[in-house]
>>> print(open('target.csv').read())   # CSV, C-alpha atoms
chain,number,residue,atom,x,y,z
A,1,MET,CA,0.0,0.0,0.0
A,2,THR,CA,1.0,3.6,-0.6
A,3,ASP,CA,2.3,5.6,2.4
A,4,GLU,CA,-0.5,8.2,2.7
A,5,SER,CA,2.0,10.8,4.1
A,6,LEU,CA,4.0,10.5,0.9
A,7,ASP,CA,3.9,13.6,-1.3
A,8,PRO,CA,4.1,12.2,-4.9
A,9,TYR,CA,5.0,15.7,-6.3
A,10,SER,CA,8.1,15.8,-4.1
A,11,ALA,CA,8.9,12.1,-4.3
A,12,TYR,CA,8.6,11.6,-8.0
A,13,LEU,CA,8.9,15.0,-9.5
A,14,GLY,CA,11.4,16.6,-7.1
A,15,LEU,CA,9.2,19.6,-6.3
A,16,PRO,CA,9.7,21.5,-3.0
A,17,ALA,CA,7.0,21.3,-0.3
A,18,GLY,CA,4.1,23.6,-0.9
A,19,ALA,CA,0.4,23.8,-1.8
A,20,ARG,CA,-1.0,20.7,-3.3
A,21,PRO,CA,-1.9,20.3,-6.0
A,22,PRO,CA,0.8,22.9,-7.1
A,23,ASN,CA,-0.2,25.7,-9.5
A,24,TYR,CA,0.9,25.0,-13.1
A,25,TYR,CA,4.0,27.1,-12.8
A,26,GLU,CA,5.2,25.3,-9.7
A,27,LEU,CA,4.3,22.0,-11.4
A,28,LEU,CA,6.5,22.8,-14.4
A,29,ASP,CA,9.3,24.3,-12.3
A,30,LEU,CA,8.8,27.7,-14.0
A,31,GLU,CA,8.8,31.3,-12.6
A,32,LEU,CA,5.3,32.6,-11.9
A,33,PHE,CA,3.4,33.9,-15.0
A,34,CYS,CA,6.1,32.8,-17.4
A,35,SER,CA,4.9,33.7,-20.9
A,36,HIS,CA,7.7,32.2,-23.0
A,37,THR,CA,6.0,29.4,-25.0
A,38,GLU,CA,9.2,27.6,-25.9
A,39,ARG,CA,10.3,27.5,-22.3
A,40,ILE,CA,6.9,26.2,-21.2
A,41,ASN,CA,7.1,23.4,-23.8
A,42,GLN,CA,10.7,22.6,-22.7
A,43,ALA,CA,9.5,22.4,-19.1
A,44,VAL,CA,6.6,20.1,-20.0
A,45,ARG,CA,9.0,17.8,-21.9
A,46,LYS,CA,11.4,17.7,-18.9
A,47,GLN,CA,8.7,17.0,-16.3
A,48,PHE,CA,7.3,14.2,-18.5
A,49,ARG,CA,10.8,12.6,-18.8
A,50,VAL,CA,11.1,12.7,-15.0
A,51,ILE,CA,7.7,11.3,-14.1
A,52,LYS,CA,7.5,8.6,-16.8
A,53,ARG,CA,10.3,6.7,-15.1
A,54,PHE,CA,7.8,5.8,-12.4
A,55,HIS,CA,4.8,5.1,-14.6
A,56,ASP,CA,5.1,1.3,-14.2
A,57,HIS,CA,5.4,1.4,-10.4
A,58,HIS,CA,4.4,-1.9,-8.7
A,59,ASP,CA,1.9,-0.2,-6.4
A,60,ARG,CA,-1.5,0.5,-7.9
A,61,ASP,CA,-2.2,3.7,-5.8
A,62,THR,CA,1.2,5.1,-6.7
A,63,ARG,CA,0.6,4.4,-10.4
A,64,GLU,CA,-2.7,6.3,-10.2
A,65,ALA,CA,-1.1,9.2,-8.4
A,66,ILE,CA,1.6,9.4,-11.1
A,67,GLN,CA,-1.0,9.2,-13.8
A,68,ASP,CA,-2.8,12.2,-12.1
A,69,ILE,CA,0.4,14.1,-12.2
A,70,MET,CA,0.9,13.3,-15.9
A,71,ASN,CA,-2.6,14.5,-16.6
A,72,ALA,CA,-1.9,17.7,-14.7
A,73,ILE,CA,1.2,18.3,-16.7
A,74,ALA,CA,-0.7,17.8,-20.0
A,75,THR,CA,-3.4,20.2,-18.8
A,76,ALA,CA,-0.8,22.8,-17.8
A,77,ARG,CA,0.6,22.7,-21.3
A,78,VAL,CA,-2.8,23.2,-22.9
A,79,VAL,CA,-3.7,26.1,-20.6
A,80,LEU,CA,-0.3,27.9,-20.5
A,81,THR,CA,0.2,27.8,-24.3
A,82,ASP,CA,-3.2,29.1,-25.1
A,83,PRO,CA,-3.1,33.0,-24.7
A,84,THR,CA,-6.8,33.3,-23.7
A,85,ARG,CA,-6.8,30.5,-21.3
A,86,LYS,CA,-3.5,31.5,-19.8
A,87,GLU,CA,-4.7,35.1,-19.2
A,88,GLU,CA,-7.8,33.8,-17.4
A,89,TYR,CA,-5.7,31.3,-15.3
A,90,ASP,CA,-3.1,34.0,-14.4
A,91,ILE,CA,-5.7,36.4,-13.2
A,92,GLU,CA,-7.4,33.8,-11.0
A,93,LEU,CA,-4.0,32.6,-9.7
A,94,ALA,CA,-2.9,36.1,-8.8
A,95,GLU,CA,-6.1,36.6,-6.8
A,96,ASN,CA,-5.7,33.3,-5.0
A,97,LEU,CA,-2.1,34.1,-4.1
A,98,ASP,CA,-2.9,37.7,-3.3
A,99,ILE,CA,-0.2,38.9,-5.7
A,100,ASP,CA,-0.1,42.2,-7.7
A,101,ARG,CA,0.1,40.6,-11.1
A,102,GLU,CA,0.9,43.8,-13.0
A,103,ALA,CA,3.9,44.6,-10.8
A,104,HIS,CA,5.1,41.0,-11.1
A,105,LEU,CA,4.8,41.1,-14.9
A,106,SER,CA,6.6,44.4,-15.0
A,107,ALA,CA,9.5,42.8,-13.2
A,108,LEU,CA,9.5,39.8,-15.6
A,109,LEU,CA,9.5,42.1,-18.6
A,110,ALA,CA,12.6,43.8,-17.2
A,111,ALA,CA,14.4,40.4,-17.0
A,112,PRO,CA,16.8,39.4,-19.8
A,113,ILE,CA,15.3,37.7,-22.8
A,114,PRO,CA,17.0,34.5,-23.8
A,115,GLU,CA,19.5,35.1,-26.7
A,116,TYR,CA,21.3,31.8,-26.8
A,117,GLU,CA,20.4,28.1,-26.9
A,118,VAL,CA,22.0,24.7,-27.0
A,119,GLU,CA,20.7,22.1,-29.5
A,120,VAL,CA,21.5,18.4,-29.4
A,121,ILE,CA,23.0,17.7,-32.9
A,122,ALA,CA,24.4,14.2,-32.3
A,123,GLY,CA,23.8,11.4,-29.8
A,124,PRO,CA,21.6,8.3,-29.0
A,125,THR,CA,18.6,10.4,-28.0
A,126,LEU,CA,17.0,13.9,-28.1
A,127,VAL,CA,18.7,14.9,-31.3
A,128,ASP,CA,17.1,18.1,-32.7
A,129,ALA,CA,16.0,19.2,-29.2
A,130,HIS,CA,16.6,22.8,-28.3
A,131,PHE,CA,17.2,24.3,-24.8
A,132,GLU,CA,17.1,28.0,-24.4
A,133,LEU,CA,19.6,29.5,-21.9
A,134,VAL,CA,18.3,32.1,-19.5
A,135,GLU,CA,20.7,34.4,-17.6
A,136,GLY,CA,20.6,33.7,-13.9
A,137,THR,CA,19.9,30.0,-14.3
A,138,ARG,CA,22.3,27.1,-14.7
A,139,PHE,CA,21.9,24.5,-17.5
A,140,VAL,CA,23.1,21.2,-16.2
A,141,ALA,CA,23.7,18.0,-18.3
A,142,GLY,CA,24.0,14.6,-16.7
A,143,CYS,CA,22.4,11.3,-16.3
A,144,ASP,CA,20.3,12.4,-13.3
A,145,HIS,CA,16.7,12.8,-14.3
A,146,ARG,CA,16.6,16.2,-12.6
A,147,CYS,CA,19.1,17.7,-15.0
A,148,SER,CA,18.2,20.3,-17.6
A,149,LEU,CA,19.4,17.7,-20.2
A,150,THR,CA,19.2,14.1,-19.1
A,151,LEU,CA,21.8,12.0,-20.9
A,152,ASN,CA,21.1,8.4,-21.7
A,153,SER,CA,24.8,7.4,-21.4
A,154,ASP,CA,26.8,5.2,-19.0
A,155,ARG,CA,29.7,7.7,-19.7
A,156,ALA,CA,27.8,10.5,-18.0
A,157,GLY,CA,28.0,11.6,-14.4
A,158,ASN,CA,24.9,12.4,-12.4
A,159,ARG,CA,25.8,16.1,-13.0
A,160,HIS,CA,28.3,16.1,-15.8
A,161,ALA,CA,28.6,19.6,-17.2
A,162,VAL,CA,27.3,23.1,-16.4
A,163,ILE,CA,26.6,26.0,-18.7
A,164,HIS,CA,26.0,29.3,-17.1
A,165,CYS,CA,26.4,33.0,-17.7
A,166,VAL,CA,29.2,35.0,-16.0
A,167,ASP,CA,29.5,38.7,-16.5
A,168,GLY,CA,27.5,38.5,-19.8
A,169,GLU,CA,29.5,35.6,-21.2
A,170,TRP,CA,28.3,32.0,-21.4
A,171,MET,CA,30.7,29.4,-20.1
A,172,VAL,CA,30.8,25.6,-20.0
A,173,LYS,CA,32.7,23.6,-17.4
A,174,PRO,CA,32.7,20.1,-16.0
A,175,ALA,CA,30.6,19.6,-12.9
A,176,GLY,CA,33.2,17.3,-11.4
A,177,PRO,CA,36.8,16.3,-11.7
A,178,ASP,CA,36.2,13.0,-13.5
A,179,HIS,CA,33.7,14.4,-16.1
A,180,PRO,CA,35.6,15.2,-19.3
A,181,ILE,CA,34.0,17.6,-21.8
A,182,TYR,CA,35.3,18.7,-25.2
A,183,VAL,CA,34.7,22.0,-27.0
A,184,ASN,CA,35.4,22.0,-30.7
A,185,ASP,CA,37.3,18.6,-30.2
A,186,HIS,CA,39.5,20.0,-27.4
A,187,LEU,CA,39.4,18.8,-23.8
A,188,THR,CA,38.6,21.7,-21.6
A,189,ASP,CA,38.2,22.6,-17.9
A,190,GLU,CA,36.4,25.8,-18.6
A,191,PHE,CA,35.5,27.5,-21.9
A,192,VAL,CA,33.9,30.8,-22.9
A,193,LEU,CA,31.4,29.9,-25.6
A,194,ALA,CA,30.8,31.6,-28.9
A,195,ALA,CA,28.0,31.0,-31.4
A,196,GLY,CA,28.8,27.9,-33.4
A,197,ASP,CA,30.9,26.1,-30.7
A,198,ARG,CA,30.4,22.3,-30.4
A,199,ILE,CA,30.3,20.8,-27.0
A,200,ASP,CA,30.8,17.0,-26.6
A,201,ILE,CA,29.5,15.5,-23.3
A,202,ALA,CA,29.5,11.8,-22.7
A,203,GLY,CA,28.6,10.7,-26.2
A,204,TYR,CA,26.3,13.7,-27.0
A,205,ARG,CA,27.2,16.8,-29.1
A,206,LEU,CA,25.5,20.1,-28.4
A,207,LEU,CA,25.6,23.2,-30.6
A,208,PHE,CA,25.8,26.6,-28.9
A,209,SER,CA,24.1,29.2,-31.1
A,210,ARG,CA,22.0,32.4,-31.1
A,211,ILE,CA,18.3,31.8,-31.1
A,212,ASP,CA,17.7,34.4,-33.8
A,213,GLN,CA,19.9,32.3,-36.2
A,214,ARG,CA,17.9,29.1,-35.7
A,215,GLU,CA,15.9,29.4,-39.0
A,216,ALA,CA,19.0,30.2,-41.0
A,217,LEU,CA,20.7,27.1,-39.6
A,218,ARG,CA,17.6,25.0,-40.6
A,219,ARG,CA,17.7,26.4,-44.1
A,220,THR,CA,21.4,25.4,-44.3
A,221,ARG,CA,20.5,21.8,-43.2
A,222,ARG,CA,17.7,21.5,-45.7
A,223,ALA,CA,20.2,22.3,-48.5
A,224,GLY,CA,22.5,19.5,-47.4
A,225,PRO,CA,22.2,15.7,-46.8
A,226,PRO,CA,19.4,14.3,-44.6
A,227,PRO,CA,19.9,13.4,-40.9
A,228,LEU,CA,21.7,10.1,-40.4
A,229,SER,CA,21.3,7.2,-38.0
A,230,LEU,CA,23.7,4.5,-37.3
A,231,ILE,CA,22.2,1.3,-36.0
A,232,VAL,CA,24.2,-1.7,-34.7
A,233,GLN,CA,22.7,-4.7,-36.4
A,234,LYS,CA,25.1,-7.3,-35.2
A,235,GLY,CA,28.0,-7.3,-32.7
A,236,PRO,CA,28.9,-7.1,-29.0
A,237,SER,CA,26.3,-5.7,-26.7
A,238,ILE,CA,26.8,-2.0,-26.0
A,239,PRO,CA,24.8,0.6,-24.1
A,240,THR,CA,24.1,2.8,-27.1
A,241,PRO,CA,23.5,0.7,-30.2
A,242,LEU,CA,21.8,3.7,-32.0
A,243,PHE,CA,23.4,7.0,-32.8
A,244,ASN,CA,21.8,9.9,-34.6
A,245,VAL,CA,23.5,12.8,-36.3
A,246,LEU,CA,22.3,16.1,-37.8
A,247,PRO,CA,24.3,17.6,-40.7
A,248,PRO,CA,26.7,19.3,-41.4
A,249,GLN,CA,29.4,17.8,-39.1
A,250,ARG,CA,32.0,15.1,-38.5
A,251,ILE,CA,31.9,12.5,-35.8
A,252,VAL,CA,34.6,10.0,-34.8
A,253,ILE,CA,33.8,6.4,-33.9
A,254,GLY,CA,36.2,4.4,-31.8
A,255,HIS,CA,36.8,2.9,-28.3
A,256,SER,CA,38.5,5.9,-26.7
A,257,GLU,CA,36.9,8.6,-24.6
A,258,THR,CA,37.5,11.1,-27.4
A,259,ALA,CA,35.3,9.2,-29.8
A,260,LEU,CA,31.8,10.7,-29.9
A,261,TRP,CA,30.2,7.3,-30.6
A,262,GLN,CA,32.1,4.9,-28.4
A,263,LEU,CA,32.2,1.2,-29.4
A,264,PRO,CA,34.0,-0.4,-26.5
A,265,ASP,CA,35.4,-3.5,-28.0
A,266,ARG,CA,39.0,-4.8,-28.6
A,267,THR,CA,38.4,-5.1,-32.3
A,268,ILE,CA,37.7,-1.3,-32.6
A,269,SER,CA,40.6,1.1,-32.7
A,270,ARG,CA,40.8,4.1,-30.4
A,271,GLN,CA,39.8,6.3,-33.4
A,272,HIS,CA,38.5,3.8,-35.9
A,273,CYS,CA,36.7,5.9,-38.5
A,274,ALA,CA,34.9,9.2,-39.1
A,275,ILE,CA,31.4,9.9,-40.5
A,276,GLN,CA,31.2,13.3,-42.1
A,277,THR,CA,29.3,15.4,-44.5
A,278,VAL,CA,30.6,16.1,-48.0
A,279,GLY,CA,28.5,18.5,-49.9
A,280,ASP,CA,25.0,17.0,-50.0
A,281,SER,CA,26.2,13.5,-49.0
A,282,TRP,CA,27.6,11.5,-46.1
A,283,GLU,CA,30.9,9.6,-46.3
A,284,VAL,CA,32.9,7.3,-44.1
A,285,GLU,CA,36.7,7.7,-43.7
A,286,ASP,CA,38.9,5.1,-42.1
A,287,LEU,CA,41.3,6.5,-39.6
A,288,ASP,CA,44.1,4.0,-40.1
A,289,SER,CA,42.2,1.5,-38.0
A,290,THR,CA,43.8,-1.9,-37.1
A,291,ASN,CA,40.9,-4.0,-38.4
A,292,SER,CA,39.8,-1.7,-41.3
A,293,THR,CA,36.5,-0.2,-42.3
A,294,GLN,CA,34.2,-2.0,-44.8
A,295,VAL,CA,31.2,-0.8,-46.7
A,296,ASN,CA,28.9,-3.6,-48.0
A,297,GLY,CA,31.8,-6.0,-47.5
A,298,GLU,CA,34.5,-4.0,-49.3
A,299,THR,CA,37.4,-2.5,-47.4
A,300,VAL,CA,37.6,1.3,-47.9
A,301,MET,CA,39.7,4.2,-46.9
A,302,ARG,CA,37.0,6.7,-47.9
A,303,ARG,CA,33.6,6.1,-49.4
A,304,LEU,CA,30.3,7.9,-49.8
A,305,ILE,CA,27.6,6.1,-47.9
A,306,HIS,CA,23.9,5.7,-48.7
A,307,ASP,CA,20.7,4.6,-47.0
A,308,ARG,CA,20.8,0.9,-46.0
A,309,ASP,CA,24.5,0.6,-46.5
A,310,LEU,CA,26.2,-1.9,-44.1
A,311,LEU,CA,29.3,-0.8,-42.4
A,312,THR,CA,31.6,-3.4,-40.8
A,313,LEU,CA,33.7,-2.0,-38.0
A,314,GLY,CA,35.6,-4.8,-36.2
A,315,GLU,CA,33.0,-7.1,-34.8
A,316,PHE,CA,30.2,-4.6,-35.4
A,317,GLN,CA,27.9,-4.5,-38.4
A,318,VAL,CA,26.2,-1.1,-38.5
A,319,VAL,CA,23.3,-0.2,-40.8
A,320,VAL,CA,23.2,3.3,-42.2
A,321,SER,CA,19.7,5.0,-42.2
A,322,LEU,CA,19.0,8.4,-43.7
A,323,ARG,CA,15.4,8.5,-42.4
A,324,PHE,CA,15.0,9.4,-38.7
>>> encode(input="target.csv", output="structure tokens")
Amino acid sequence: MTDESLDPYSAYLGLPAGARPPNYYELLDLELFCSHTERINQAVRKQFRVIKRFHDHHDRDTREAIQDIMNAIATARVVLTDPTRKEEYDIELAENLDIDREAHLSALLAAPIPEYEVEVIAGPTLVDAHFELVEGTRFVAGCDHRCSLTLNSDRAGNRHAVIHCVDGEWMVKPAGPDHPIYVNDHLTDEFVLAAGDRIDIAGYRLLFSRIDQREALRRTRRAGPPPLSLIVQKGPSIPTPLFNVLPPQRIVIGHSETALWQLPDRTISRQHCAIQTVGDSWEVEDLDSTNSTQVNGETVMRRLIHDRDLLTLGEFQVVVSLRF
């Protein structure tokens, strides 16, 4: 049976103690009266990722409580992304909380508007997800479900890397001494970011860019090759048998920590091969590997790859897919 004193909002969503049920902003871990639609949608996605981990709980009452929370999150999204319904909800909430809504909104309007974001451009999950960066907050990436970006990687620490703003500049640094991060392929302890920088964290690659350049970047991608997926069809069991990549870029496959897609097996060289964009196509390049790189059974040094091609890398057979 469920412990009746247990607060499911705190136990399963990590919310601080307070009124229950929480208002929609508390539920989504947002500031009161937040009106930024993309941030609301990001918060919804994050809270769903957190709560879904407990959806199959063994206790029936707990499962029902979790389903109630999921329903509340879905309702919060509907209300807060509809201007008319949000206005009505905000007025009623301000009255219930005895808050001067106009004064509160004025303070929010004076707060800095997000200018930068990080986008997942390569990794086993969440590719093409955008996360806007807000001054005064810390963006944390790690395998803990409470992180801003939850990494599905056995290479990640609970809190692996932190991105935050210091004196008007965005910086990235490891959250711990044993959590390596790479910026533009270089190992770093702390790095001041500029638009276009690539951040590699535990098998994920993030792109730091200006929000107002998002559409221009999308146009560039549409003019190039389609997104690419690499799927292990046969070989040793590994934690991440699927890897997705957005163009244009170059990723290294190997068994070392510096390889973005890590295939931890003795038949794979430290830096075995690279997958990269060439014009409107993708190609594979062997990096002087010990056991060679093959495309459809033929040993190659460099070769364009196409949908459904089969790459042989040591003991691994990897299918190329250009439709994800």
>>> closest_atom_pairs(input="target.csv", of="segment 114-221 of chain A", to="segment 249-259 of chain A", cutoff="12 Å", atoms="only C-alpha atoms", output="JSON lines")
{"residue": "A:Ile121", "atom": "CA", "partner": "A:Gln249", "partner_atom": "CA", "distance": 8.9}
{"residue": "A:Ala122", "atom": "CA", "partner": "A:Ile251", "partner_atom": "CA", "distance": 8.4}
{"residue": "A:Gly123", "atom": "CA", "partner": "A:Ile251", "partner_atom": "CA", "distance": 10.1}
{"residue": "A:Arg155", "atom": "CA", "partner": "A:Glu257", "partner_atom": "CA", "distance": 8.8}
{"residue": "A:Ala156", "atom": "CA", "partner": "A:Glu257", "partner_atom": "CA", "distance": 11.4}
{"residue": "A:Asp178", "atom": "CA", "partner": "A:Glu257", "partner_atom": "CA", "distance": 12.0}
{"residue": "A:His179", "atom": "CA", "partner": "A:Glu257", "partner_atom": "CA", "distance": 10.8}
{"residue": "A:Pro180", "atom": "CA", "partner": "A:Glu257", "partner_atom": "CA", "distance": 8.6}
{"residue": "A:Ile181", "atom": "CA", "partner": "A:Thr258", "partner_atom": "CA", "distance": 9.3}
{"residue": "A:Tyr182", "atom": "CA", "partner": "A:Thr258", "partner_atom": "CA", "distance": 8.2}
{"residue": "A:Val183", "atom": "CA", "partner": "A:Thr258", "partner_atom": "CA", "distance": 11.3}
{"residue": "A:Asn184", "atom": "CA", "partner": "A:Arg250", "partner_atom": "CA", "distance": 11.0}
{"residue": "A:Asp185", "atom": "CA", "partner": "A:Thr258", "partner_atom": "CA", "distance": 8.0}
{"residue": "A:His186", "atom": "CA", "partner": "A:Thr258", "partner_atom": "CA", "distance": 9.1}
{"residue": "A:Leu187", "atom": "CA", "partner": "A:Thr258", "partner_atom": "CA", "distance": 8.7}
{"residue": "A:Gly196", "atom": "CA", "partner": "A:Gln249", "partner_atom": "CA", "distance": 11.6}
{"residue": "A:Asp197", "atom": "CA", "partner": "A:Gln249", "partner_atom": "CA", "distance": 11.9}
{"residue": "A:Arg198", "atom": "CA", "partner": "A:Gln249", "partner_atom": "CA", "distance": 9.8}
{"residue": "A:Asp200", "atom": "CA", "partner": "A:Thr258", "partner_atom": "CA", "distance": 9.0}
{"residue": "A:Ile201", "atom": "CA", "partner": "A:Thr258", "partner_atom": "CA", "distance": 10.0}
{"residue": "A:Ala202", "atom": "CA", "partner": "A:Glu257", "partner_atom": "CA", "distance": 8.3}
{"residue": "A:Gly203", "atom": "CA", "partner": "A:Ala259", "partner_atom": "CA", "distance": 7.8}
{"residue": "A:Tyr204", "atom": "CA", "partner": "A:Ala259", "partner_atom": "CA", "distance": 10.4}
{"residue": "A:Arg205", "atom": "CA", "partner": "A:Ile251", "partner_atom": "CA", "distance": 9.2}
{"residue": "A:Leu206", "atom": "CA", "partner": "A:Gln249", "partner_atom": "CA", "distance": 11.6}
{"residue": "A:Leu207", "atom": "CA", "partner": "A:Gln249", "partner_atom": "CA", "distance": 10.8}
{"residue": "A:Arg221", "atom": "CA", "partner": "A:Gln249", "partner_atom": "CA", "distance": 10.6}
>>> closest_residue(input="target.csv", among="A:Ala223, A:Ile268, A:Glu87, A:Leu322", to="Arg101 of chain A", atoms="all atoms listed in the file")
A:Glu87
>>> atom_distance(input="target.csv", atom1="atom CA of Ile275 of chain A", atom2="atom CA of Asp288 of chain A")
14.0 Å
>>> atom_distance(input="target.csv", atom1="atom CA of Ala72 of chain A", atom2="atom CA of Ser148 of chain A")
20.5 Å
>>> residues_around(input="target.csv", residues="segment 212-214 of chain A", least_positions_apart="5", cutoff="9 Å", atoms="only C-alpha atoms", output="VMD selection string")
chain A and resid 115 to 116 219
>>> atom_distance(input="target.csv", atom1="atom CA of Ala65 of chain A", atom2="atom CA of Arg53 of chain A")
13.5 Å
>>> residues_around(input="target.csv", residues="Gly176 of chain A", least_positions_apart="3", cutoff="10 Å", atoms="only C-alpha atoms", output="list in words")
Gly157, Asn158, Arg159, His160, Ala161, Val162, Lys173, His179, Pro180 and Asp189 of chain A
>>> closest_residue(input="target.csv", among="A:Asp280, A:Asp56, A:Glu38, A:Glu298", to="His130 of chain A", atoms="all atoms listed in the file")
A:Glu38
>>> closest_residue(input="target.csv", among="A:Arg323, A:His164, A:Arg85, A:Arg20", to="Ile69 of chain A", atoms="all atoms listed in the file")
A:Arg20
>>> closest_residue(input="target.csv", among="A:Phe208, A:Phe131, A:Phe316, A:Trp282", to="Leu304 of chain A", atoms="all atoms listed in the file")
A:Trp282
>>> residues_around(input="target.csv", residues="segment 80-84 of chain A", least_positions_apart="6", cutoff="10 Å", atoms="only C-alpha atoms", output="ChimeraX atom specification")
/A:24-25,33-38,40-41,90
>>> decode(input="target.csv", residues="segment 292-299 of chain A", atoms="all heavy atoms", output="PDB file, in the first residue's frame")
ATOM      1  N   SER A 292      40.374  -2.308 -40.068  1.00  0.00           N
ATOM      2  CA  SER A 292      39.801  -1.742 -41.296  1.00  0.00           C
ATOM      3  C   SER A 292      38.330  -1.353 -41.154  1.00  0.00           C
ATOM      4  O   SER A 292      37.647  -1.688 -40.173  1.00  0.00           O
ATOM      5  CB  SER A 292      39.959  -2.696 -42.482  1.00  0.00           C
ATOM      6  OG  SER A 292      39.014  -3.743 -42.443  1.00  0.00           O
ATOM      7  N   THR A 293      37.869  -0.621 -42.144  1.00  0.00           N
ATOM      8  CA  THR A 293      36.466  -0.216 -42.269  1.00  0.00           C
ATOM      9  C   THR A 293      35.945  -0.751 -43.587  1.00  0.00           C
ATOM     10  O   THR A 293      36.597  -0.589 -44.621  1.00  0.00           O
ATOM     11  CB  THR A 293      36.343   1.323 -42.245  1.00  0.00           C
ATOM     12  OG1 THR A 293      36.827   1.815 -40.984  1.00  0.00           O
ATOM     13  CG2 THR A 293      34.904   1.760 -42.446  1.00  0.00           C
ATOM     14  N   GLN A 294      34.799  -1.391 -43.544  1.00  0.00           N
ATOM     15  CA  GLN A 294      34.211  -1.953 -44.761  1.00  0.00           C
ATOM     16  C   GLN A 294      32.831  -1.357 -45.011  1.00  0.00           C
ATOM     17  O   GLN A 294      32.083  -1.079 -44.069  1.00  0.00           O
ATOM     18  CB  GLN A 294      34.088  -3.482 -44.660  1.00  0.00           C
ATOM     19  CG  GLN A 294      35.417  -4.199 -44.556  1.00  0.00           C
ATOM     20  CD  GLN A 294      35.253  -5.706 -44.510  1.00  0.00           C
ATOM     21  OE1 GLN A 294      34.142  -6.228 -44.439  1.00  0.00           O
ATOM     22  NE2 GLN A 294      36.362  -6.433 -44.546  1.00  0.00           N
ATOM     23  N   VAL A 295      32.520  -1.171 -46.295  1.00  0.00           N
ATOM     24  CA  VAL A 295      31.189  -0.752 -46.720  1.00  0.00           C
ATOM     25  C   VAL A 295      30.641  -1.832 -47.633  1.00  0.00           C
ATOM     26  O   VAL A 295      31.225  -2.118 -48.688  1.00  0.00           O
ATOM     27  CB  VAL A 295      31.228   0.604 -47.463  1.00  0.00           C
ATOM     28  CG1 VAL A 295      29.817   0.985 -47.925  1.00  0.00           C
ATOM     29  CG2 VAL A 295      31.802   1.685 -46.567  1.00  0.00           C
ATOM     30  N   ASN A 296      29.568  -2.465 -47.209  1.00  0.00           N
ATOM     31  CA  ASN A 296      28.948  -3.565 -47.964  1.00  0.00           C
ATOM     32  C   ASN A 296      29.973  -4.638 -48.313  1.00  0.00           C
ATOM     33  O   ASN A 296      30.009  -5.170 -49.433  1.00  0.00           O
ATOM     34  CB  ASN A 296      28.265  -3.039 -49.220  1.00  0.00           C
ATOM     35  CG  ASN A 296      27.173  -2.041 -48.904  1.00  0.00           C
ATOM     36  OD1 ASN A 296      26.481  -2.157 -47.884  1.00  0.00           O
ATOM     37  ND2 ASN A 296      27.013  -1.024 -49.739  1.00  0.00           N
ATOM     38  N   GLY A 297      30.851  -4.943 -47.342  1.00  0.00           N
ATOM     39  CA  GLY A 297      31.814  -6.017 -47.512  1.00  0.00           C
ATOM     40  C   GLY A 297      33.123  -5.622 -48.160  1.00  0.00           C
ATOM     41  O   GLY A 297      34.047  -6.442 -48.238  1.00  0.00           O
ATOM     42  N   GLU A 298      33.266  -4.393 -48.626  1.00  0.00           N
ATOM     43  CA  GLU A 298      34.487  -3.951 -49.306  1.00  0.00           C
ATOM     44  C   GLU A 298      35.287  -3.024 -48.397  1.00  0.00           C
ATOM     45  O   GLU A 298      34.754  -2.043 -47.869  1.00  0.00           O
ATOM     46  CB  GLU A 298      34.136  -3.226 -50.597  1.00  0.00           C
ATOM     47  CG  GLU A 298      35.344  -2.759 -51.388  1.00  0.00           C
ATOM     48  CD  GLU A 298      34.956  -2.015 -52.658  1.00  0.00           C
ATOM     49  OE1 GLU A 298      33.769  -2.028 -53.028  1.00  0.00           O
ATOM     50  OE2 GLU A 298      35.864  -1.404 -53.281  1.00  0.00           O
ATOM     51  N   THR A 299      36.559  -3.331 -48.221  1.00  0.00           N
ATOM     52  CA  THR A 299      37.429  -2.500 -47.408  1.00  0.00           C
ATOM     53  C   THR A 299      37.670  -1.163 -48.099  1.00  0.00           C
ATOM     54  O   THR A 299      37.995  -1.123 -49.296  1.00  0.00           O
ATOM     55  CB  THR A 299      38.770  -3.195 -47.142  1.00  0.00           C
ATOM     56  OG1 THR A 299      38.516  -4.429 -46.437  1.00  0.00           O
ATOM     57  CG2 THR A 299      39.692  -2.332 -46.294  1.00  0.00           C
TER      58      THR A 299
END
